[in-house]
>>> print(open('run-v9.pdb').read())   # PDB, C-alpha atoms and all ligand atoms
ATOM      1  CA  MET V 528      28.498  -1.856  15.672  1.00  0.00           C
ATOM      2  CA  PRO V 529      32.132  -1.855  14.531  1.00  0.00           C
ATOM      3  CA  THR V 530      33.752   1.184  12.995  1.00  0.00           C
ATOM      4  CA  PHE V 531      36.203   0.853  10.150  1.00  0.00           C
ATOM      5  CA  LYS V 532      38.459   3.223   8.321  1.00  0.00           C
ATOM      6  CA  ARG V 533      39.006   2.379   4.679  1.00  0.00           C
ATOM      7  CA  ILE V 534      42.701   2.358   3.773  1.00  0.00           C
ATOM      8  CA  PHE V 535      43.480   3.378   0.205  1.00  0.00           C
ATOM      9  CA  ASP V 536      46.654   2.205  -1.435  1.00  0.00           C
ATOM     10  CA  ASN V 537      47.793   5.536  -2.807  1.00  0.00           C
ATOM     11  CA  GLY V 538      45.575   8.542  -2.627  1.00  0.00           C
ATOM     12  CA  VAL V 539      41.842   8.606  -2.531  1.00  0.00           C
ATOM     13  CA  ASP V 540      41.193   7.443  -6.095  1.00  0.00           C
ATOM     14  CA  ALA V 541      43.428   4.409  -5.978  1.00  0.00           C
ATOM     15  CA  GLY V 542      41.195   1.791  -4.414  1.00  0.00           C
ATOM     16  CA  VAL V 543      40.801   0.313  -0.977  1.00  0.00           C
ATOM     17  CA  THR V 544      43.384  -2.239   0.119  1.00  0.00           C
ATOM     18  CA  HIS V 545      41.888  -3.202   3.484  1.00  0.00           C
ATOM     19  CA  LEU V 546      40.095  -1.834   6.513  1.00  0.00           C
ATOM     20  CA  GLU V 547      41.661  -0.464   9.598  1.00  0.00           C
ATOM     21  CA  VAL V 548      39.509  -1.426  12.564  1.00  0.00           C
ATOM     22  CA  VAL V 549      38.796   1.667  14.638  1.00  0.00           C
ATOM     23  CA  GLU V 550      36.306   0.091  16.985  1.00  0.00           C
ATOM     24  CA  GLU V 551      35.725  -3.632  16.858  1.00  0.00           C
ATOM     25  CA  THR V 552      32.769  -5.865  17.545  1.00  0.00           C
ATOM     26  CA  PRO V 553      33.727  -8.167  20.437  1.00  0.00           C
ATOM     27  CA  VAL V 554      33.736 -11.895  19.642  1.00  0.00           C
ATOM     28  CA  GLY V 555      30.282 -13.299  20.376  1.00  0.00           C
ATOM     29  CA  GLU V 556      28.460 -10.056  19.594  1.00  0.00           C
ATOM     30  CA  GLU V 557      26.327  -9.285  16.583  1.00  0.00           C
ATOM     31  CA  TRP V 558      26.737  -6.785  13.780  1.00  0.00           C
ATOM     32  CA  HIS V 559      23.807  -5.821  11.547  1.00  0.00           C
ATOM     33  CA  PRO V 560      25.168  -4.256   8.358  1.00  0.00           C
ATOM     34  CA  SER V 561      22.758  -3.099   5.664  1.00  0.00           C
ATOM     35  CA  PRO V 562      22.870  -4.685   2.202  1.00  0.00           C
ATOM     36  CA  ARG V 563      24.465  -1.440   1.029  1.00  0.00           C
ATOM     37  CA  VAL V 564      27.435  -1.897   3.357  1.00  0.00           C
ATOM     38  CA  ILE V 565      27.787  -5.513   2.228  1.00  0.00           C
ATOM     39  CA  GLU V 566      27.692  -4.515  -1.455  1.00  0.00           C
ATOM     40  CA  LYS V 567      30.289  -1.843  -0.819  1.00  0.00           C
ATOM     41  CA  GLY V 568      32.494  -4.410   0.893  1.00  0.00           C
ATOM     42  CA  PHE V 569      32.320  -6.714  -2.132  1.00  0.00           C
ATOM     43  CA  ALA V 570      32.882  -3.872  -4.575  1.00  0.00           C
ATOM     44  CA  GLU V 571      35.868  -2.498  -2.680  1.00  0.00           C
ATOM     45  CA  GLY V 572      37.306  -5.919  -1.954  1.00  0.00           C
ATOM     46  CA  TRP V 573      37.496  -5.828   1.845  1.00  0.00           C
ATOM     47  CA  LEU V 574      34.662  -8.289   2.398  1.00  0.00           C
ATOM     48  CA  ALA V 575      34.254 -11.908   1.375  1.00  0.00           C
ATOM     49  CA  MET V 576      31.356 -14.265   2.052  1.00  0.00           C
ATOM     50  CA  GLY V 577      31.177 -18.025   1.775  1.00  0.00           C
ATOM     51  CA  ASN V 578      30.441 -21.198   3.742  1.00  0.00           C
ATOM     52  CA  GLY V 579      28.077 -19.305   6.015  1.00  0.00           C
ATOM     53  CA  GLN V 580      30.701 -16.777   7.041  1.00  0.00           C
ATOM     54  CA  ALA V 581      31.646 -13.186   6.293  1.00  0.00           C
ATOM     55  CA  VAL V 582      35.320 -12.225   6.457  1.00  0.00           C
ATOM     56  CA  ILE V 583      36.566  -8.674   6.772  1.00  0.00           C
ATOM     57  CA  LYS V 584      40.070  -8.112   5.501  1.00  0.00           C
ATOM     58  CA  THR V 585      42.127  -6.076   7.931  1.00  0.00           C
ATOM     59  CA  ALA V 586      45.725  -4.903   7.622  1.00  0.00           C
ATOM     60  CA  ASP V 587      48.418  -7.334   6.444  1.00  0.00           C
ATOM     61  CA  GLY V 588      49.785  -9.258   9.389  1.00  0.00           C
ATOM     62  CA  GLU V 589      46.643  -8.733  11.433  1.00  0.00           C
ATOM     63  CA  ASP V 590      43.959 -11.368  11.825  1.00  0.00           C
ATOM     64  CA  ASP V 591      40.917 -10.904   9.639  1.00  0.00           C
ATOM     65  CA  HIS V 592      37.594 -10.537  11.409  1.00  0.00           C
ATOM     66  CA  VAL V 593      35.331 -13.525  10.874  1.00  0.00           C
ATOM     67  CA  TYR V 594      31.570 -13.495  11.362  1.00  0.00           C
ATOM     68  CA  ASP V 595      29.014 -16.284  11.145  1.00  0.00           C
ATOM     69  CA  ILE V 596      26.070 -15.272   8.979  1.00  0.00           C
ATOM     70  CA  LEU V 597      23.038 -15.873  11.215  1.00  0.00           C
ATOM     71  CA  ASP V 598      20.465 -14.405   8.830  1.00  0.00           C
ATOM     72  CA  THR V 599      20.235 -12.550   5.576  1.00  0.00           C
ATOM     73  CA  PRO V 600      17.611  -9.828   5.000  1.00  0.00           C
ATOM     74  CA  GLY V 601      14.062 -11.108   4.730  1.00  0.00           C
ATOM     75  CA  VAL V 602      10.671 -11.560   6.334  1.00  0.00           C
ATOM     76  CA  PHE V 603      10.571 -13.269   9.737  1.00  0.00           C
ATOM     77  CA  CYS V 604       7.715 -14.607  11.867  1.00  0.00           C
ATOM     78  CA  SER V 605       7.479 -12.692  15.168  1.00  0.00           C
ATOM     79  CA  HIS V 606       5.902 -15.723  16.851  1.00  0.00           C
ATOM     80  CA  CYS V 607       8.346 -18.513  16.026  1.00  0.00           C
ATOM     81  CA  GLY V 608      11.256 -16.670  14.377  1.00  0.00           C
ATOM     82  CA  LEU V 609      11.012 -18.659  11.171  1.00  0.00           C
ATOM     83  CA  LYS V 610      12.326 -16.988   8.021  1.00  0.00           C
ATOM     84  CA  LEU V 611       9.468 -16.775   5.555  1.00  0.00           C
ATOM     85  CA  GLY V 612       9.802 -16.734   1.793  1.00  0.00           C
ATOM     86  CA  GLY V 613       9.497 -13.236   0.339  1.00  0.00           C
ATOM     87  CA  GLY V 614       6.251 -11.319   0.164  1.00  0.00           C
ATOM     88  CA  ASN V 615       3.526 -10.330   2.594  1.00  0.00           C
ATOM     89  CA  GLU V 616       1.103 -12.944   1.336  1.00  0.00           C
ATOM     90  CA  ILE V 617       3.306 -15.851   2.393  1.00  0.00           C
ATOM     91  CA  ALA V 618       3.933 -14.231   5.783  1.00  0.00           C
ATOM     92  CA  GLN V 619       0.227 -13.599   6.348  1.00  0.00           C
ATOM     93  CA  GLU V 620      -0.601 -17.161   5.403  1.00  0.00           C
ATOM     94  CA  HIS V 621       2.070 -18.528   7.770  1.00  0.00           C
ATOM     95  CA  VAL V 622       0.747 -16.469  10.697  1.00  0.00           C
ATOM     96  CA  ALA V 623      -2.877 -17.400   9.936  1.00  0.00           C
ATOM     97  CA  THR V 624      -2.050 -21.103   9.661  1.00  0.00           C
ATOM     98  CA  ASN V 625       0.373 -21.470  12.563  1.00  0.00           C
ATOM     99  CA  HIS V 626      -0.499 -18.736  15.048  1.00  0.00           C
ATOM    100  CA  ASP V 627      -4.205 -18.234  14.479  1.00  0.00           C
ATOM    101  CA  GLY V 628      -5.838 -16.000  17.082  1.00  0.00           C
ATOM    102  CA  GLU V 629      -2.575 -15.244  18.926  1.00  0.00           C
ATOM    103  CA  ASP V 630      -1.540 -11.658  19.527  1.00  0.00           C
ATOM    104  CA  SER V 631       1.778 -10.726  17.965  1.00  0.00           C
ATOM    105  CA  PRO V 632       4.549 -10.882  20.589  1.00  0.00           C
ATOM    106  CA  ASP V 633       6.080  -7.870  18.845  1.00  0.00           C
ATOM    107  CA  GLU V 634       4.159  -4.645  19.502  1.00  0.00           C
ATOM    108  CA  GLN V 635       5.966  -2.917  16.652  1.00  0.00           C
ATOM    109  CA  ASN V 636       4.692  -5.520  14.223  1.00  0.00           C
ATOM    110  CA  PRO V 637       1.092  -6.313  15.138  1.00  0.00           C
ATOM    111  CA  ALA V 638       0.634  -8.394  11.987  1.00  0.00           C
ATOM    112  CA  GLY V 639       2.907 -11.020  13.525  1.00  0.00           C
ATOM    113  CA  TYR V 640       5.819 -10.771  11.086  1.00  0.00           C
ATOM    114  CA  ARG V 641       8.575  -8.316  10.338  1.00  0.00           C
ATOM    115  CA  GLN V 642      10.851  -7.297   7.490  1.00  0.00           C
ATOM    116  CA  ASP V 643      14.561  -7.134   8.361  1.00  0.00           C
ATOM    117  CA  ASN V 644      16.587  -5.033   5.939  1.00  0.00           C
ATOM    118  CA  PHE V 645      19.947  -6.060   7.323  1.00  0.00           C
ATOM    119  CA  PHE V 646      22.257  -9.031   7.718  1.00  0.00           C
ATOM    120  CA  ARG V 647      22.650 -10.604  11.164  1.00  0.00           C
ATOM    121  CA  LEU V 648      26.301 -11.473  11.651  1.00  0.00           C
ATOM    122  CA  GLU V 649      27.959 -12.801  14.805  1.00  0.00           C
ATOM    123  CA  ARG V 650      31.659 -12.337  15.291  1.00  0.00           C
ATOM    124  CA  VAL V 651      33.459 -15.647  15.870  1.00  0.00           C
ATOM    125  CA  SER V 652      37.111 -14.597  15.589  1.00  0.00           C
TER     126      SER V 652
HETATM  127 ZN    ZN E   1       5.643 -18.603  12.939  1.00  0.00          ZN
END
>>> encode(input="run-v9.pdb", output="structure tokens")
Amino acid sequence: MPTFKRIFDNGVDAGVTHLEVVEETPVGEEWHPSPRVIEKGFAEGWLAMGNGQAVIKTADGEDDHVYDILDTPGVFCSHCGLKLGGGNEIAQEHVATNHDGEDSPDEQNPAGYRQDNFFRLERVS
């Protein structure tokens, strides 16, 4: 999990210009920010998303941090990892149809599916 310090242009009320990276996520490792962090990044202007990537704006002259977006929040099958369209009903139907009679491989989610309330990002540069 990276740690960032928000840099304001002039005093606390004057808006964030970029992030100073205090502790970075090594390239190849994952970061799982909540939707709240992502929304804050958009609102404050230090985060951009597009073409399957998330870009964190760091100080001028420093390279931005680029992450591939592996998954967005949602419901996932614990058996096959498939992302299932929203709602428990669809997830239950998927498990019943595709994994009938199998025990869930995930003890924490005996129903065979789980809700992830975070983004799965992998740092690429
Ligand atoms: Zn499945």
>>> resolve_selection(input="run-v9.pdb", expression="the PyMOL selection byres (((chain V and resi 604) around 12) and not hetatm)", output="PyMOL selection string")
chain V and resi 601-603+605-613+615+617-626+631-633+636-643
>>> write_last_selection(input="run-v9.pdb", atoms="C-alpha atoms", output="compact mmCIF listing (two decimals), in the coordinates of the input")
# COMPACT_ATOMS: atom_id res chain seq x y z
CA GLY V 601 14.06 -11.11 4.73
CA VAL V 602 10.67 -11.56 6.33
CA PHE V 603 10.57 -13.27 9.74
CA SER V 605 7.48 -12.69 15.17
CA HIS V 606 5.90 -15.72 16.85
CA CYS V 607 8.35 -18.51 16.03
CA GLY V 608 11.26 -16.67 14.38
CA LEU V 609 11.01 -18.66 11.17
CA LYS V 610 12.33 -16.99 8.02
CA LEU V 611 9.47 -16.77 5.56
CA GLY V 612 9.80 -16.73 1.79
CA GLY V 613 9.50 -13.24 0.34
CA ASN V 615 3.53 -10.33 2.59
CA ILE V 617 3.31 -15.85 2.39
CA ALA V 618 3.93 -14.23 5.78
CA GLN V 619 0.23 -13.60 6.35
CA GLU V 620 -0.60 -17.16 5.40
CA HIS V 621 2.07 -18.53 7.77
CA VAL V 622 0.75 -16.47 10.70
CA ALA V 623 -2.88 -17.40 9.94
CA THR V 624 -2.05 -21.10 9.66
CA ASN V 625 0.37 -21.47 12.56
CA HIS V 626 -0.50 -18.74 15.05
CA SER V 631 1.78 -10.73 17.96
CA PRO V 632 4.55 -10.88 20.59
CA ASP V 633 6.08 -7.87 18.84
CA ASN V 636 4.69 -5.52 14.22
CA PRO V 637 1.09 -6.31 15.14
CA ALA V 638 0.63 -8.39 11.99
CA GLY V 639 2.91 -11.02 13.52
CA TYR V 640 5.82 -10.77 11.09
CA ARG V 641 8.57 -8.32 10.34
CA GLN V 642 10.85 -7.30 7.49
CA ASP V 643 14.56 -7.13 8.36
>>> resolve_selection(input="run-v9.pdb", expression="the PyMOL selection byres (((chain V and resi 533) around 6) and not hetatm)", output="PyMOL selection string")
chain V and resi 532+534+546
>>> resolve_selection(input="run-v9.pdb", expression="the PyMOL selection byres (((chain V and resi 549) around 8) and not hetatm)", output="list of chain:residue names")
V:Pro529, V:Thr530, V:Phe531, V:Lys532, V:Glu547, V:Val548, V:Glu550, V:Glu551
>>> atom_distance(input="run-v9.pdb", atom1="CA of Gly614 in chain V", atom2="CA of Gly568 in chain V")
27.1 Å
>>> atom_distance(input="run-v9.pdb", atom1="CA of Asn644 in chain V", atom2="CA of Arg563 in chain V")
10.0 Å
>>> residues_around(input="run-v9.pdb", residues="His545 in chain V", least_positions_apart="3", cutoff="9 Å", atoms="all atoms listed in the file", output="PDB file with C-alpha atoms, keeping the file's coordinate frame")
ATOM      1  CA  LYS V 532      38.459   3.223   8.321  1.00  0.00           C
ATOM      2  CA  ARG V 533      39.006   2.379   4.679  1.00  0.00           C
ATOM      3  CA  ILE V 534      42.701   2.358   3.773  1.00  0.00           C
ATOM      4  CA  PHE V 535      43.480   3.378   0.205  1.00  0.00           C
ATOM      5  CA  ASP V 536      46.654   2.205  -1.435  1.00  0.00           C
ATOM      6  CA  GLU V 571      35.868  -2.498  -2.680  1.00  0.00           C
ATOM      7  CA  GLY V 572      37.306  -5.919  -1.954  1.00  0.00           C
ATOM      8  CA  TRP V 573      37.496  -5.828   1.845  1.00  0.00           C
ATOM      9  CA  LEU V 574      34.662  -8.289   2.398  1.00  0.00           C
ATOM     10  CA  ILE V 583      36.566  -8.674   6.772  1.00  0.00           C
ATOM     11  CA  LYS V 584      40.070  -8.112   5.501  1.00  0.00           C
ATOM     12  CA  THR V 585      42.127  -6.076   7.931  1.00  0.00           C
ATOM     13  CA  ALA V 586      45.725  -4.903   7.622  1.00  0.00           C
ATOM     14  CA  ASP V 587      48.418  -7.334   6.444  1.00  0.00           C
TER      15      ASP V 587
END
